[in-house]
Amino acid sequence: MGRGPKKHLKRVNAPHAWLMNKLGGNFAVRPREGPHKLKNCIPLQIMLKDKLKIALNSKEVKEILHEREGNILVDKKVRRDNKFPMGFMDVIEIPKLKKMYRVLFDVKRRFIFHKINKDESNFKLCRIEKKF
């Protein structure tokens, strides 16, 4: 039996919310420990490569993230880690493309990236008071 946290994640065992095909290889990127749990987050690399189609492969993702200007901002902070976990209501900003996205769930609890404008990126929904 292994000791300590798991460092690998098989593609088949990846959370359903990521919508990864099982024939794309053996392994998926496992998100680092951070502000969100494994089941409720998606790594930055999968978002850039598979969902938004900004990069073709993981090498390109790393090149984009490690550029000096800080190309990707998550909640107004430059993120250079390709395994950084993004979760519900996080705001992703790509200044070079002048695009902003908010991470949301659809009706079947899969991740979607909703385009937002500059005004909406300033606030973050913190708590639901009542549901009608």
# chains A, B, ... in the order shown; residues from 1 in each chain; ligands from 1

$ residues_around --residues "A:Glu120" --least-positions-apart "2" --cutoff "10 Å" --atoms "only C-alpha atoms" --output "PyMOL selection string"
chain A and resi 91+100-102+115-118+122-124

$ closest_atom_pairs --of "stretch 44-103 of chain A" --to "stretch 20-33 of chain A" --cutoff "9 Å" --atoms "only C-alpha atoms" --output "tab-separated table"
residue	atom	partner	partner_atom	distance
A:Leu44	CA	A:Pro31	CA	8.2
A:Gln45	CA	A:Val29	CA	7.5
A:Ile46	CA	A:Val29	CA	7.4
A:Asp50	CA	A:Met20	CA	8.3
A:Asp81	CA	A:Arg32	CA	9.0
A:Asn82	CA	A:Pro31	CA	8.4
A:Lys83	CA	A:Pro31	CA	4.7
A:Phe84	CA	A:Arg32	CA	5.8
A:Pro85	CA	A:Pro31	CA	5.4
A:Met86	CA	A:Pro31	CA	8.8

$ select_by_dssp --residues "chain A" --states "alpha helix (DSSP H)" --output "ChimeraX atom specification"
/A:44-46,58-65

$ closest_residue --among "A:Lys49, A:His16, A:Arg110, A:Arg80" --to "A:Leu65" --atoms "only C-alpha atoms"
A:Arg80

$ closest_residue --among "A:Glu93, A:Arg109, A:His114, A:Lys76" --to "A:Pro15" --atoms "only C-alpha atoms"
A:Arg109

$ select_by_dssp --residues "chain A" --states "strand (DSSP E)" --output "PyMOL selection string"
chain A and resi 9-10+27-28+41-43+73-74+77-78+85-87+91-94+99-105+111-115

$ write_last_selection --atoms "N, CA and C atoms" --output "short mmCIF file (atom, residue, chain, number, x, y, z; two decimals), in the first residue's frame"
data_model
loop_
_atom_site.label_atom_id
_atom_site.label_comp_id
_atom_site.auth_asym_id
_atom_site.auth_seq_id
_atom_site.Cartn_x
_atom_site.Cartn_y
_atom_site.Cartn_z
N LEU A 9 -3.57 10.24 -11.79
CA LEU A 9 -5.01 10.10 -12.00
C LEU A 9 -5.23 9.49 -13.37
N LYS A 10 -5.86 8.32 -13.40
CA LYS A 10 -6.17 7.70 -14.68
C LYS A 10 -7.31 8.46 -15.34
N PHE A 27 -3.49 8.70 -18.84
CA PHE A 27 -3.54 9.54 -17.66
C PHE A 27 -4.16 10.89 -17.93
N ALA A 28 -4.69 11.49 -16.89
CA ALA A 28 -5.21 12.86 -16.93
C ALA A 28 -4.41 13.68 -15.92
N CYS A 41 -13.41 20.56 -8.92
CA CYS A 41 -12.49 21.47 -9.60
C CYS A 41 -12.04 20.88 -10.92
N ILE A 42 -11.43 21.72 -11.73
CA ILE A 42 -10.87 21.29 -13.00
C ILE A 42 -9.49 21.96 -13.13
N PRO A 43 -8.47 21.20 -13.55
CA PRO A 43 -7.14 21.80 -13.66
C PRO A 43 -7.07 22.83 -14.80
N LEU A 73 -5.01 34.85 -15.79
CA LEU A 73 -5.31 35.31 -14.44
C LEU A 73 -6.54 34.56 -13.93
N VAL A 74 -6.42 33.99 -12.75
CA VAL A 74 -7.55 33.34 -12.10
C VAL A 74 -7.87 34.16 -10.86
N LYS A 77 -5.36 36.99 -10.15
CA LYS A 77 -4.00 36.65 -9.76
C LYS A 77 -3.37 35.83 -10.88
N VAL A 78 -2.12 36.14 -11.21
CA VAL A 78 -1.42 35.41 -12.26
C VAL A 78 -1.15 34.00 -11.77
N PRO A 85 -6.11 24.17 -9.43
CA PRO A 85 -7.54 23.80 -9.47
C PRO A 85 -8.45 25.02 -9.56
N MET A 86 -9.33 25.00 -10.54
CA MET A 86 -10.33 26.07 -10.67
C MET A 86 -11.69 25.46 -10.37
N GLY A 87 -12.49 26.19 -9.60
CA GLY A 87 -13.77 25.66 -9.20
C GLY A 87 -14.91 26.60 -9.50
N VAL A 91 -13.15 33.22 -11.77
CA VAL A 91 -13.10 34.04 -12.99
C VAL A 91 -11.74 33.87 -13.64
N ILE A 92 -11.75 33.47 -14.92
CA ILE A 92 -10.52 33.30 -15.69
C ILE A 92 -10.43 34.45 -16.68
N GLU A 93 -9.29 35.14 -16.65
CA GLU A 93 -9.10 36.29 -17.53
C GLU A 93 -7.89 36.03 -18.43
N ILE A 94 -8.08 36.26 -19.73
CA ILE A 94 -6.99 36.12 -20.70
C ILE A 94 -6.81 37.49 -21.35
N LYS A 99 -10.61 38.31 -23.19
CA LYS A 99 -11.76 37.46 -22.88
C LYS A 99 -11.75 37.12 -21.40
N MET A 100 -12.96 36.97 -20.85
CA MET A 100 -13.13 36.57 -19.45
C MET A 100 -14.20 35.49 -19.38
N TYR A 101 -13.96 34.53 -18.52
CA TYR A 101 -14.88 33.42 -18.35
C TYR A 101 -15.14 33.20 -16.87
N ARG A 102 -16.35 32.72 -16.57
CA ARG A 102 -16.69 32.31 -15.21
C ARG A 102 -16.96 30.81 -15.24
N VAL A 103 -16.39 30.07 -14.30
CA VAL A 103 -16.57 28.63 -14.23
C VAL A 103 -17.91 28.35 -13.56
N LEU A 104 -18.77 27.65 -14.26
CA LEU A 104 -20.10 27.30 -13.75
C LEU A 104 -20.38 25.84 -14.03
N PHE A 105 -21.45 25.35 -13.45
CA PHE A 105 -21.94 24.00 -13.74
C PHE A 105 -23.20 24.11 -14.59
N PHE A 111 -18.76 21.02 -16.12
CA PHE A 111 -18.18 22.36 -16.15
C PHE A 111 -18.48 23.05 -17.46
N ILE A 112 -18.90 24.31 -17.37
CA ILE A 112 -19.03 25.16 -18.54
C ILE A 112 -18.29 26.46 -18.24
N PHE A 113 -17.85 27.12 -19.28
CA PHE A 113 -17.12 28.37 -19.13
C PHE A 113 -17.94 29.46 -19.80
N HIS A 114 -18.58 30.27 -18.97
CA HIS A 114 -19.51 31.29 -19.43
C HIS A 114 -18.76 32.60 -19.67
N LYS A 115 -18.90 33.16 -20.88
CA LYS A 115 -18.23 34.44 -21.18
C LYS A 115 -18.89 35.55 -20.39
#

$ atom_distance --atom1 "atom CA of A:Lys53" --atom2 "atom CA of A:Arg79"
18.1 Å

$ decode --residues "stretch 99-111 of chain A" --atoms "all heavy atoms" --output "PDB file, in the first residue's frame"
ATOM      1  N   LYS A  99     -10.610  38.312 -23.192  1.00  0.00           N
ATOM      2  CA  LYS A  99     -11.758  37.455 -22.879  1.00  0.00           C
ATOM      3  C   LYS A  99     -11.751  37.121 -21.396  1.00  0.00           C
ATOM      4  O   LYS A  99     -10.693  36.994 -20.780  1.00  0.00           O
ATOM      5  CB  LYS A  99     -11.708  36.169 -23.694  1.00  0.00           C
ATOM      6  CG  LYS A  99     -11.933  36.389 -25.173  1.00  0.00           C
ATOM      7  CD  LYS A  99     -12.008  35.081 -25.899  1.00  0.00           C
ATOM      8  CE  LYS A  99     -12.249  35.338 -27.376  1.00  0.00           C
ATOM      9  NZ  LYS A  99     -12.308  34.092 -28.134  1.00  0.00           N
ATOM     10  N   MET A 100     -12.959  36.970 -20.851  1.00  0.00           N
ATOM     11  CA  MET A 100     -13.131  36.574 -19.452  1.00  0.00           C
ATOM     12  C   MET A 100     -14.196  35.494 -19.376  1.00  0.00           C
ATOM     13  O   MET A 100     -15.201  35.556 -20.082  1.00  0.00           O
ATOM     14  CB  MET A 100     -13.544  37.771 -18.612  1.00  0.00           C
ATOM     15  CG  MET A 100     -12.517  38.832 -18.534  1.00  0.00           C
ATOM     16  SD  MET A 100     -13.100  40.179 -17.528  1.00  0.00           S
ATOM     17  CE  MET A 100     -11.744  41.284 -17.696  1.00  0.00           C
ATOM     18  N   TYR A 101     -13.957  34.533 -18.521  1.00  0.00           N
ATOM     19  CA  TYR A 101     -14.879  33.419 -18.353  1.00  0.00           C
ATOM     20  C   TYR A 101     -15.143  33.204 -16.871  1.00  0.00           C
ATOM     21  O   TYR A 101     -14.282  33.438 -16.042  1.00  0.00           O
ATOM     22  CB  TYR A 101     -14.290  32.133 -18.931  1.00  0.00           C
ATOM     23  CG  TYR A 101     -13.998  32.189 -20.403  1.00  0.00           C
ATOM     24  CD1 TYR A 101     -12.729  32.530 -20.873  1.00  0.00           C
ATOM     25  CD2 TYR A 101     -14.975  31.903 -21.330  1.00  0.00           C
ATOM     26  CE1 TYR A 101     -12.453  32.578 -22.217  1.00  0.00           C
ATOM     27  CE2 TYR A 101     -14.713  31.939 -22.689  1.00  0.00           C
ATOM     28  CZ  TYR A 101     -13.449  32.275 -23.123  1.00  0.00           C
ATOM     29  OH  TYR A 101     -13.175  32.319 -24.461  1.00  0.00           O
ATOM     30  N   ARG A 102     -16.346  32.719 -16.570  1.00  0.00           N
ATOM     31  CA  ARG A 102     -16.686  32.306 -15.207  1.00  0.00           C
ATOM     32  C   ARG A 102     -16.965  30.807 -15.242  1.00  0.00           C
ATOM     33  O   ARG A 102     -17.673  30.322 -16.124  1.00  0.00           O
ATOM     34  CB  ARG A 102     -17.913  33.052 -14.698  1.00  0.00           C
ATOM     35  CG  ARG A 102     -18.171  32.792 -13.220  1.00  0.00           C
ATOM     36  CD  ARG A 102     -19.358  33.564 -12.700  1.00  0.00           C
ATOM     37  NE  ARG A 102     -19.224  35.011 -12.806  1.00  0.00           N
ATOM     38  CZ  ARG A 102     -18.624  35.784 -11.916  1.00  0.00           C
ATOM     39  NH1 ARG A 102     -18.074  35.262 -10.854  1.00  0.00           N
ATOM     40  NH2 ARG A 102     -18.593  37.085 -12.074  1.00  0.00           N
ATOM     41  N   VAL A 103     -16.387  30.073 -14.305  1.00  0.00           N
ATOM     42  CA  VAL A 103     -16.570  28.626 -14.234  1.00  0.00           C
ATOM     43  C   VAL A 103     -17.907  28.345 -13.560  1.00  0.00           C
ATOM     44  O   VAL A 103     -18.131  28.766 -12.423  1.00  0.00           O
ATOM     45  CB  VAL A 103     -15.425  27.959 -13.440  1.00  0.00           C
ATOM     46  CG1 VAL A 103     -15.607  26.463 -13.396  1.00  0.00           C
ATOM     47  CG2 VAL A 103     -14.081  28.316 -14.041  1.00  0.00           C
ATOM     48  N   LEU A 104     -18.775  27.652 -14.263  1.00  0.00           N
ATOM     49  CA  LEU A 104     -20.096  27.304 -13.747  1.00  0.00           C
ATOM     50  C   LEU A 104     -20.378  25.839 -14.025  1.00  0.00           C
ATOM     51  O   LEU A 104     -19.640  25.177 -14.744  1.00  0.00           O
ATOM     52  CB  LEU A 104     -21.175  28.165 -14.413  1.00  0.00           C
ATOM     53  CG  LEU A 104     -21.102  29.675 -14.193  1.00  0.00           C
ATOM     54  CD1 LEU A 104     -22.096  30.377 -15.092  1.00  0.00           C
ATOM     55  CD2 LEU A 104     -21.367  30.007 -12.751  1.00  0.00           C
ATOM     56  N   PHE A 105     -21.450  25.348 -13.451  1.00  0.00           N
ATOM     57  CA  PHE A 105     -21.943  24.003 -13.744  1.00  0.00           C
ATOM     58  C   PHE A 105     -23.197  24.115 -14.593  1.00  0.00           C
ATOM     59  O   PHE A 105     -23.997  25.031 -14.402  1.00  0.00           O
ATOM     60  CB  PHE A 105     -22.312  23.251 -12.454  1.00  0.00           C
ATOM     61  CG  PHE A 105     -21.130  22.820 -11.640  1.00  0.00           C
ATOM     62  CD1 PHE A 105     -20.936  23.304 -10.365  1.00  0.00           C
ATOM     63  CD2 PHE A 105     -20.218  21.916 -12.141  1.00  0.00           C
ATOM     64  CE1 PHE A 105     -19.863  22.905  -9.599  1.00  0.00           C
ATOM     65  CE2 PHE A 105     -19.130  21.513 -11.392  1.00  0.00           C
ATOM     66  CZ  PHE A 105     -18.961  22.003 -10.117  1.00  0.00           C
ATOM     67  N   ASP A 106     -23.391  23.166 -15.519  1.00  0.00           N
ATOM     68  CA  ASP A 106     -24.652  23.129 -16.252  1.00  0.00           C
ATOM     69  C   ASP A 106     -25.644  22.263 -15.477  1.00  0.00           C
ATOM     70  O   ASP A 106     -25.384  21.867 -14.343  1.00  0.00           O
ATOM     71  CB  ASP A 106     -24.444  22.655 -17.688  1.00  0.00           C
ATOM     72  CG  ASP A 106     -24.006  21.206 -17.791  1.00  0.00           C
ATOM     73  OD1 ASP A 106     -23.743  20.588 -16.742  1.00  0.00           O
ATOM     74  OD2 ASP A 106     -23.917  20.691 -18.908  1.00  0.00           O
ATOM     75  N   VAL A 107     -26.778  21.939 -16.089  1.00  0.00           N
ATOM     76  CA  VAL A 107     -27.825  21.207 -15.378  1.00  0.00           C
ATOM     77  C   VAL A 107     -27.390  19.796 -14.992  1.00  0.00           C
ATOM     78  O   VAL A 107     -27.829  19.279 -13.978  1.00  0.00           O
ATOM     79  CB  VAL A 107     -29.105  21.074 -16.244  1.00  0.00           C
ATOM     80  CG1 VAL A 107     -30.340  21.389 -15.449  1.00  0.00           C
ATOM     81  CG2 VAL A 107     -29.052  21.920 -17.470  1.00  0.00           C
ATOM     82  N   LYS A 108     -26.497  19.206 -15.774  1.00  0.00           N
ATOM     83  CA  LYS A 108     -26.028  17.858 -15.471  1.00  0.00           C
ATOM     84  C   LYS A 108     -24.720  17.862 -14.678  1.00  0.00           C
ATOM     85  O   LYS A 108     -23.994  16.871 -14.649  1.00  0.00           O
ATOM     86  CB  LYS A 108     -25.839  17.075 -16.761  1.00  0.00           C
ATOM     87  CG  LYS A 108     -27.146  16.805 -17.474  1.00  0.00           C
ATOM     88  CD  LYS A 108     -26.937  15.901 -18.640  1.00  0.00           C
ATOM     89  CE  LYS A 108     -28.258  15.563 -19.288  1.00  0.00           C
ATOM     90  NZ  LYS A 108     -28.080  14.696 -20.451  1.00  0.00           N
ATOM     91  N   ARG A 109     -24.407  18.988 -14.068  1.00  0.00           N
ATOM     92  CA  ARG A 109     -23.231  19.159 -13.201  1.00  0.00           C
ATOM     93  C   ARG A 109     -21.918  18.930 -13.943  1.00  0.00           C
ATOM     94  O   ARG A 109     -20.996  18.304 -13.437  1.00  0.00           O
ATOM     95  CB  ARG A 109     -23.330  18.259 -11.981  1.00  0.00           C
ATOM     96  CG  ARG A 109     -22.482  18.744 -10.836  1.00  0.00           C
ATOM     97  CD  ARG A 109     -23.005  18.334  -9.500  1.00  0.00           C
ATOM     98  NE  ARG A 109     -22.014  18.503  -8.473  1.00  0.00           N
ATOM     99  CZ  ARG A 109     -21.707  19.667  -7.913  1.00  0.00           C
ATOM    100  NH1 ARG A 109     -22.325  20.747  -8.293  1.00  0.00           N
ATOM    101  NH2 ARG A 109     -20.795  19.739  -6.979  1.00  0.00           N
ATOM    102  N   ARG A 110     -21.824  19.461 -15.152  1.00  0.00           N
ATOM    103  CA  ARG A 110     -20.587  19.448 -15.918  1.00  0.00           C
ATOM    104  C   ARG A 110     -20.074  20.880 -15.986  1.00  0.00           C
ATOM    105  O   ARG A 110     -20.858  21.823 -15.952  1.00  0.00           O
ATOM    106  CB  ARG A 110     -20.840  18.916 -17.325  1.00  0.00           C
ATOM    107  CG  ARG A 110     -21.330  17.480 -17.313  1.00  0.00           C
ATOM    108  CD  ARG A 110     -21.695  17.045 -18.684  1.00  0.00           C
ATOM    109  NE  ARG A 110     -22.790  17.859 -19.200  1.00  0.00           N
ATOM    110  CZ  ARG A 110     -23.648  17.458 -20.119  1.00  0.00           C
ATOM    111  NH1 ARG A 110     -23.553  16.260 -20.625  1.00  0.00           N
ATOM    112  NH2 ARG A 110     -24.607  18.245 -20.550  1.00  0.00           N
ATOM    113  N   PHE A 111     -18.761  21.024 -16.116  1.00  0.00           N
ATOM    114  CA  PHE A 111     -18.176  22.362 -16.145  1.00  0.00           C
ATOM    115  C   PHE A 111     -18.484  23.051 -17.465  1.00  0.00           C
ATOM    116  O   PHE A 111     -18.347  22.459 -18.537  1.00  0.00           O
ATOM    117  CB  PHE A 111     -16.655  22.301 -15.960  1.00  0.00           C
ATOM    118  CG  PHE A 111     -16.252  22.084 -14.544  1.00  0.00           C
ATOM    119  CD1 PHE A 111     -15.765  20.858 -14.136  1.00  0.00           C
ATOM    120  CD2 PHE A 111     -16.358  23.102 -13.606  1.00  0.00           C
ATOM    121  CE1 PHE A 111     -15.380  20.658 -12.830  1.00  0.00           C
ATOM    122  CE2 PHE A 111     -15.979  22.906 -12.302  1.00  0.00           C
ATOM    123  CZ  PHE A 111     -15.494  21.679 -11.912  1.00  0.00           C
TER     124      PHE A 111
END
